[in-house]
Amino acid sequence: MKEKNSFQNLGQYKAYLREIDNFDQLYIIQQGGRGITRKQVIERLESAIAKDAEAVFDAKKSIWLNMGIESAEDLRDFAKTKKLSTSTKYSSFQESIKVTF
C-alpha cells in the first residue's frame, strides 16, 4: 500500500513561510507511526516543493535567498536532486521538521 504524501497541498506551508523570517522560527510536527521516519517526512516535503517550487519560492523569497537559493528553478533543482534533505547547507530547512510517535 502506497503511503499518502501529507504535503500534497502546500497552501498551509506557504502561509507559514510568509509569516517567518527564517526556518529557525518554523516547526512542522508530523505524526510518525507505521514506521515513518523523519527522513521520509523531509523527503516527502521536498518532493512536494519540487512540484510547486515557484509558488513556494515566491511565498518568502528572502528565506530561500538567505540559504543561497537564488530562484524558483534553483529550489526545484535542489528539491529534485535531494540537496534540500541531504546537504548540511540546508540544515535549517531539515531541522524545521519534527516527527512524533
# chains A, B, ... in the order shown; residues from 1 in each chain; ligands from 1
call {"tool": "residues_around", "arguments": {"residues": "Gly33 of chain A", "least_positions_apart": "2", "cutoff": "12 Å", "atoms": "only C-alpha atoms", "output": "list in words"}}
result
Glu3, Gln30, Gln31, Gly35, Ile36, Thr37, Arg38, Gln40, Val41, Val99, Thr100 and Phe101 of chain A
call {"tool": "select_by_dssp", "arguments": {"residues": "chain A", "states": "helix (DSSP H, G or I)", "output": "PyMOL selection string"}}
result
chain A and resi 11-19+23-25+38-51+53-59+61-66+72-80+83-86+88-95
call {"tool": "closest_atom_pairs", "arguments": {"of": "segment 29-56 of chain A", "to": "segment 9-25 of chain A", "cutoff": "9 Å", "atoms": "only C-alpha atoms", "output": "Markdown table"}}
result
| residue | atom | partner | partner_atom | distance |
| --- | --- | --- | --- | --- |
| A:Leu45 | CA | A:Leu10 | CA | 8.8 |
| A:Ala48 | CA | A:Leu10 | CA | 7.4 |
| A:Ile49 | CA | A:Leu10 | CA | 7.8 |
| A:Asp52 | CA | A:Leu10 | CA | 8.0 |
| A:Ala55 | CA | A:Lys14 | CA | 7.8 |
| A:Val56 | CA | A:Lys14 | CA | 5.9 |
call {"tool": "closest_residue", "arguments": {"among": "A:Ile29, A:Lys61, A:Leu75, A:Asn66", "to": "Ile42 of chain A", "atoms": "only C-alpha atoms"}}
result
A:Ile29
call {"tool": "atom_distance", "arguments": {"atom1": "atom CA of Ser92 of chain A", "atom2": "atom CA of Arg34 of chain A"}}
result
26.1 Å
call {"tool": "atom_distance", "arguments": {"atom1": "atom CA of Ser47 of chain A", "atom2": "atom CA of Met67 of chain A"}}
result
18.5 Å
call {"tool": "residues_around", "arguments": {"residues": "Tyr27 of chain A", "least_positions_apart": "5", "cutoff": "8 Å", "atoms": "only C-alpha atoms", "output": "CSV table (one decimal) with C-alpha atoms, in the first residue's frame"}}
result
chain,number,residue,atom,x,y,z
A,95,GLU,CA,15.6,20.8,11.3
A,96,SER,CA,12.2,22.5,10.9
A,97,ILE,CA,10.6,19.1,10.6
A,98,LYS,CA,9.9,17.2,13.8
call {"tool": "atom_distance", "arguments": {"atom1": "atom CA of Ser85 of chain A", "atom2": "atom CA of Ala59 of chain A"}}
result
19.7 Å
call {"tool": "closest_residue", "arguments": {"among": "A:Ile69, A:Glu43, A:Leu26, A:Glu54", "to": "Lys89 of chain A", "atoms": "only C-alpha atoms"}}
result
A:Ile69
call {"tool": "closest_residue", "arguments": {"among": "A:Glu46, A:Ala53, A:Ile28, A:Thr88", "to": "Glu73 of chain A", "atoms": "only C-alpha atoms"}}
result
A:Ala53
call {"tool": "closest_residue", "arguments": {"among": "A:Phe57, A:Lys39, A:Trp64, A:Lys51", "to": "Thr86 of chain A", "atoms": "only C-alpha atoms"}}
result
A:Lys39
